[in-house]
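What follows is the content of protein01.cif (mmCIF, C-alpha atoms).
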data_data
#
loop_
_atom_site.label_atom_id
_atom_site.label_comp_id
_atom_site.auth_asym_id
_atom_site.auth_seq_id
_atom_site.Cartn_x
_atom_site.Cartn_y
_atom_site.Cartn_z
CA MET A 1 9.17 -9.90 8.62
CA VAL A 2 10.30 -8.91 5.16
CA HIS A 3 10.49 -5.19 4.50
CA SER A 4 9.95 -3.91 0.98
CA THR A 5 10.96 -0.46 -0.07
CA LEU A 6 8.85 1.60 -2.39
CA ARG A 7 10.87 4.53 -3.70
CA ILE A 8 8.83 7.04 -5.63
CA GLY A 9 9.96 10.34 -7.08
CA ILE A 10 8.58 12.97 -9.35
CA LEU A 11 10.20 11.40 -12.43
CA ALA A 12 8.56 8.05 -11.73
CA PHE A 13 5.15 9.68 -11.57
CA GLY A 14 5.80 11.59 -14.77
CA ALA A 15 6.58 8.30 -16.52
CA LEU A 16 3.44 6.70 -15.09
CA ALA A 17 1.32 9.63 -16.17
CA LEU A 18 2.74 9.38 -19.68
CA ALA A 19 1.92 5.68 -19.69
CA GLY A 20 -1.65 6.61 -18.75
CA ALA A 21 -1.73 4.62 -15.52
CA ALA A 22 -1.47 5.29 -11.82
CA ALA A 23 1.23 3.49 -9.84
CA HIS A 24 -0.32 0.26 -8.61
CA ALA A 25 0.97 -3.22 -7.67
CA THR A 26 -0.09 -6.46 -5.99
CA ARG A 27 0.69 -9.45 -3.81
CA ASN A 28 -1.25 -12.59 -4.70
CA ASP A 29 -1.55 -15.44 -2.19
CA ALA A 30 -4.31 -17.96 -3.03
CA ASP A 31 -6.30 -15.24 -4.84
CA LEU A 32 -5.84 -12.76 -1.99
CA ASN A 33 -4.62 -9.48 -3.45
CA CYS A 34 -2.93 -6.86 -1.33
CA GLY A 35 -0.51 -4.05 -1.98
CA ILE A 36 0.21 -0.36 -2.13
CA SER A 37 -1.80 2.01 -4.32
CA THR A 38 -0.43 5.47 -5.05
CA GLN A 39 -1.83 8.57 -6.71
CA THR A 40 -0.57 12.11 -7.12
CA GLU A 41 -2.65 15.27 -7.13
CA ARG A 42 -1.68 18.91 -6.69
CA GLY A 43 1.83 18.10 -5.53
CA LEU A 44 0.76 15.48 -2.97
CA LEU A 45 1.30 11.73 -3.06
CA SER A 46 -1.45 9.53 -1.62
CA ILE A 47 -0.18 6.12 -0.41
CA GLU A 48 -2.83 3.55 0.51
CA GLY A 49 -2.76 -0.10 1.61
CA ILE A 50 -5.39 -2.19 -0.22
CA VAL A 51 -6.67 -5.74 0.44
CA GLU A 52 -9.10 -7.74 -1.73
CA SER A 53 -10.17 -11.35 -1.11
CA PRO A 54 -12.50 -13.70 -3.01
CA THR A 55 -13.90 -14.84 0.36
CA ALA A 56 -14.75 -13.04 3.60
CA LEU A 57 -11.59 -12.37 5.56
CA SER A 58 -10.70 -10.74 8.86
CA GLY A 59 -7.45 -10.19 10.70
CA GLU A 60 -4.98 -7.51 11.68
CA TYR A 61 -2.91 -5.09 9.60
CA ARG A 62 0.10 -2.83 10.00
CA PHE A 63 0.75 0.11 7.68
CA ALA A 64 3.97 2.00 8.43
CA LEU A 65 5.55 4.74 6.35
CA LYS A 66 8.77 6.71 6.61
CA SER A 67 9.14 9.72 4.33
CA GLN A 68 11.93 12.21 3.76
CA GLY A 69 11.76 15.28 1.58
CA ALA A 70 12.32 19.00 1.38
CA GLY A 71 9.73 19.54 4.12
CA GLY A 72 11.45 17.22 6.60
CA THR A 73 10.87 13.64 7.71
CA SER A 74 7.85 11.72 8.96
CA ASN A 75 7.28 8.35 10.60
CA ILE A 76 3.67 7.19 10.51
CA SER A 77 2.28 3.91 11.81
CA GLN A 78 -1.31 2.73 11.46
CA GLY A 79 -2.83 -0.64 12.24
CA GLY A 80 -5.62 -2.63 13.81
CA GLN A 81 -8.38 -5.07 13.01
CA PHE A 82 -9.91 -5.38 9.54
CA SER A 83 -12.70 -7.24 7.75
CA VAL A 84 -13.03 -7.74 4.00
CA ALA A 85 -16.24 -8.75 2.20
CA PRO A 86 -15.80 -11.12 -0.76
CA GLY A 87 -14.56 -9.33 -3.88
CA ALA A 88 -14.68 -5.85 -2.33
CA PRO A 89 -11.34 -3.99 -2.06
CA VAL A 90 -10.77 -2.40 1.35
CA SER A 91 -8.42 0.45 2.22
CA LEU A 92 -6.23 -0.30 5.24
CA GLY A 93 -4.19 2.77 6.00
CA LYS A 94 -3.76 5.92 3.95
CA VAL A 95 -1.16 8.68 4.12
CA MET A 96 -0.48 11.81 2.05
CA VAL A 97 3.01 13.26 1.67
CA ASN A 98 4.86 15.65 -0.64
CA ALA A 99 5.05 14.06 -4.12
CA GLY A 100 8.82 14.61 -4.22
CA ALA A 101 9.46 12.75 -0.94
CA SER A 102 11.41 9.53 -0.73
CA ILE A 103 9.30 6.91 1.05
CA ASP A 104 9.64 3.47 2.65
CA VAL A 105 6.41 1.53 3.15
CA ASP A 106 5.85 -1.55 5.32
CA PHE A 107 2.34 -2.98 4.88
CA THR A 108 1.57 -6.40 6.36
CA ILE A 109 -1.60 -8.29 7.12
CA SER A 110 -2.17 -11.27 9.40
CA ALA A 111 -5.19 -13.50 8.74
CA ASP A 112 -6.01 -17.20 8.96
CA GLY A 113 -2.75 -17.87 10.81
CA LYS A 114 -0.63 -16.33 8.02
CA ARG A 115 1.33 -13.11 7.84
CA LEU A 116 1.63 -11.57 4.38
CA ASP A 117 3.97 -8.82 3.23
CA CYS A 118 1.82 -6.49 1.10
CA SER A 119 4.45 -3.76 0.69
CA ALA A 120 4.73 -4.14 -3.10
CA PRO A 121 2.73 -2.00 -5.53
CA LEU A 122 -0.84 -3.20 -6.21
CA LEU A 123 -1.66 -4.52 -9.70
CA THR A 124 -5.13 -3.80 -10.97
CA HIS A 125 -7.15 -6.58 -12.60
CA THR A 126 -7.89 -6.17 -16.29
#
Before we go any further, please render this structure as structure tokens.
Amino acid sequence: MVHSTLRIGILAFGALALAGAAAHATRNDADLNCGISTQTERGLLSIEGIVESPTALSGEYRFALKSQGAGGTSNISQGGQFSVAPGAPVSLGKVMVNAGASIDVDFTISADGKRLDCSAPLLTHT
């Protein structure tokens, strides 16, 4: 399994806010979009795994996060079965940590006999 690291700090969020966009990114595999969506509010960072498919899809997911900051360290692991309706984004795992924390995210989905690494930021469609 490939592990991607998503390092986010206060300066990165300041730059994103100045650009007028939240931090988002995507993984595209045959029109399947998955990735990590992040938002900051009141000093907290929300990290969420998102999946969107043009067709109905079901499978299993794993959303694991390690964070380290002034308040200490955390290891969080979520996972289980999921189902996605065509064209409807679905949240698979969500965690909130201190916005200044350093984080590592591992988000994978398994569906239709394939395992996809969705640990990269989620790109929004324009």
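With all atoms listed in the file taken into account, the protein and nucleic acid residues at most 12 Å from A:Arg115 (excluding it and anything under 2 positions from it in its own chain) are Met1, Val2, Asp29, Cys34, Gly59, Glu60, Tyr61, Arg62, Phe107, Thr108, Ile109, Ser110, Ala111, Asp112, Gly113, Asp117 and Cys118 of chain A.
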Explicit residue set for the PyMOL selection byres ((chain A and resi 72-75) around 10), as a short mmCIF file (atom, residue, chain, number, x, y, z; two decimals) with C-alpha atoms, in the frame of the given file:
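File expr22.cif, as written:
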data_model
loop_
_atom_site.label_atom_id
_atom_site.label_comp_id
_atom_site.auth_asym_id
_atom_site.auth_seq_id
_atom_site.Cartn_x
_atom_site.Cartn_y
_atom_site.Cartn_z
CA ALA A 64 3.97 2.00 8.43
CA LEU A 65 5.55 4.74 6.35
CA LYS A 66 8.77 6.71 6.61
CA SER A 67 9.14 9.72 4.33
CA GLN A 68 11.93 12.21 3.76
CA GLY A 69 11.76 15.28 1.58
CA ALA A 70 12.32 19.00 1.38
CA GLY A 71 9.73 19.54 4.12
CA ILE A 76 3.67 7.19 10.51
CA SER A 77 2.28 3.91 11.81
CA VAL A 97 3.01 13.26 1.67
CA ASN A 98 4.86 15.65 -0.64
CA ALA A 101 9.46 12.75 -0.94
CA SER A 102 11.41 9.53 -0.73
CA ILE A 103 9.30 6.91 1.05
CA ASP A 104 9.64 3.47 2.65
#
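You will find atom CA of A:Ser46 at 8.3 Å from atom CA of A:Ala99.
Minimum distance to A:Leu92 across A:Phe63, A:Leu122, A:Pro54, A:Leu45 (counting only C-alpha atoms) occurs at A:Phe63.
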* Asked: How many Å separate atom CA of A:Ser91 from atom CA of A:Gly79?
  -> 11.5 Å
* Asked: Nearest to A:Val84: which of A:Met96, A:Ala120, A:Leu57, A:Leu32 is it, counting only C-alpha atoms?
  -> A:Leu57
Around all of stretch 91-107 of chain A's listed atoms, make the axis-aligned box with 6 Å on each side and tell me centre and edge lengths in Å to one decimal, as lines of an AutoDock Vina configuration file.
center_x = 1.5
center_y = 6.3
center_z = 0.9
size_x = 31.8
size_y = 30.6
size_z = 22.2
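Comparing the minimum interatomic distances between A:Gly49 and each of A:Gly100, A:Gly87, A:Gly35, A:Pro121, counting only C-alpha atoms, we find that A:Gly35 sits nearest.
Distances from A:Ile36, A:Val105, A:Leu44, A:Ile50 to A:Val90 were compared using only C-alpha atoms, and the smallest one belongs to A:Ile50.
Closest to A:Ala85 among A:Gln39, A:Val51, A:Leu123, A:Ala56 is A:Ala56, based on all atoms listed in the file.
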* Asked: What is the atom CA of A:Ser37-atom CA of A:Val95 distance in Å, reported with one decimal?
  -> 10.8 Å
How about completing stretch 100-123 of chain A with N, CA and C atoms and giving it to me as a CSV table (one decimal), keeping the file's coordinate frame?
chain,number,residue,atom,x,y,z
A,100,GLY,N,7.4,14.8,-4.0
A,100,GLY,CA,8.8,14.6,-4.2
A,100,GLY,C,9.5,13.9,-3.1
A,101,ALA,N,8.8,13.4,-2.1
A,101,ALA,CA,9.5,12.8,-0.9
A,101,ALA,C,9.9,11.3,-1.3
A,102,SER,N,11.0,10.9,-0.6
A,102,SER,CA,11.4,9.5,-0.7
A,102,SER,C,10.7,8.8,0.4
A,103,ILE,N,10.1,7.6,0.1
A,103,ILE,CA,9.3,6.9,1.0
A,103,ILE,C,9.7,5.4,1.2
A,104,ASP,N,9.5,4.9,2.4
A,104,ASP,CA,9.6,3.5,2.6
A,104,ASP,C,8.3,3.0,3.2
A,105,VAL,N,7.7,2.0,2.7
A,105,VAL,CA,6.4,1.5,3.2
A,105,VAL,C,6.5,0.1,3.6
A,106,ASP,N,5.9,-0.2,4.8
A,106,ASP,CA,5.8,-1.6,5.3
A,106,ASP,C,4.4,-1.8,5.6
A,107,PHE,N,3.8,-2.7,4.8
A,107,PHE,CA,2.3,-3.0,4.9
A,107,PHE,C,2.2,-4.5,5.0
A,108,THR,N,1.8,-5.0,6.2
A,108,THR,CA,1.6,-6.4,6.4
A,108,THR,C,0.2,-6.7,6.9
A,109,ILE,N,-0.3,-7.9,6.6
A,109,ILE,CA,-1.6,-8.3,7.1
A,109,ILE,C,-1.4,-9.7,7.7
A,110,SER,N,-2.2,-10.0,8.8
A,110,SER,CA,-2.2,-11.3,9.4
A,110,SER,C,-3.6,-11.8,9.4
A,111,ALA,N,-3.8,-12.9,8.8
A,111,ALA,CA,-5.2,-13.5,8.7
A,111,ALA,C,-5.1,-15.0,8.5
A,112,ASP,N,-6.0,-15.7,9.1
A,112,ASP,CA,-6.0,-17.2,9.0
A,112,ASP,C,-4.7,-17.8,9.3
A,113,GLY,N,-4.0,-17.3,10.3
A,113,GLY,CA,-2.8,-17.9,10.8
A,113,GLY,C,-1.6,-17.6,9.9
A,114,LYS,N,-1.7,-16.7,8.9
A,114,LYS,CA,-0.6,-16.3,8.0
A,114,LYS,C,-0.3,-14.8,8.1
A,115,ARG,N,0.9,-14.5,7.9
A,115,ARG,CA,1.3,-13.1,7.8
A,115,ARG,C,1.8,-12.9,6.4
A,116,LEU,N,1.3,-11.9,5.8
A,116,LEU,CA,1.6,-11.6,4.4
A,116,LEU,C,2.3,-10.2,4.3
A,117,ASP,N,3.3,-10.1,3.5
A,117,ASP,CA,4.0,-8.8,3.2
A,117,ASP,C,3.3,-8.2,2.0
A,118,CYS,N,2.6,-7.1,2.2
A,118,CYS,CA,1.8,-6.5,1.1
A,118,CYS,C,2.5,-5.2,0.7
A,119,SER,N,3.8,-5.0,0.9
A,119,SER,CA,4.4,-3.8,0.7
A,119,SER,C,4.7,-3.5,-0.8
A,120,ALA,N,4.5,-4.4,-1.7
A,120,ALA,CA,4.7,-4.1,-3.1
A,120,ALA,C,3.6,-3.3,-3.7
A,121,PRO,N,3.8,-2.7,-4.8
A,121,PRO,CA,2.7,-2.0,-5.5
A,121,PRO,C,1.6,-2.9,-5.9
A,122,LEU,N,0.4,-2.4,-5.9
A,122,LEU,CA,-0.8,-3.2,-6.2
A,122,LEU,C,-1.1,-3.2,-7.7
A,123,LEU,N,-1.3,-4.4,-8.3
A,123,LEU,CA,-1.7,-4.5,-9.7
A,123,LEU,C,-3.2,-4.5,-9.8
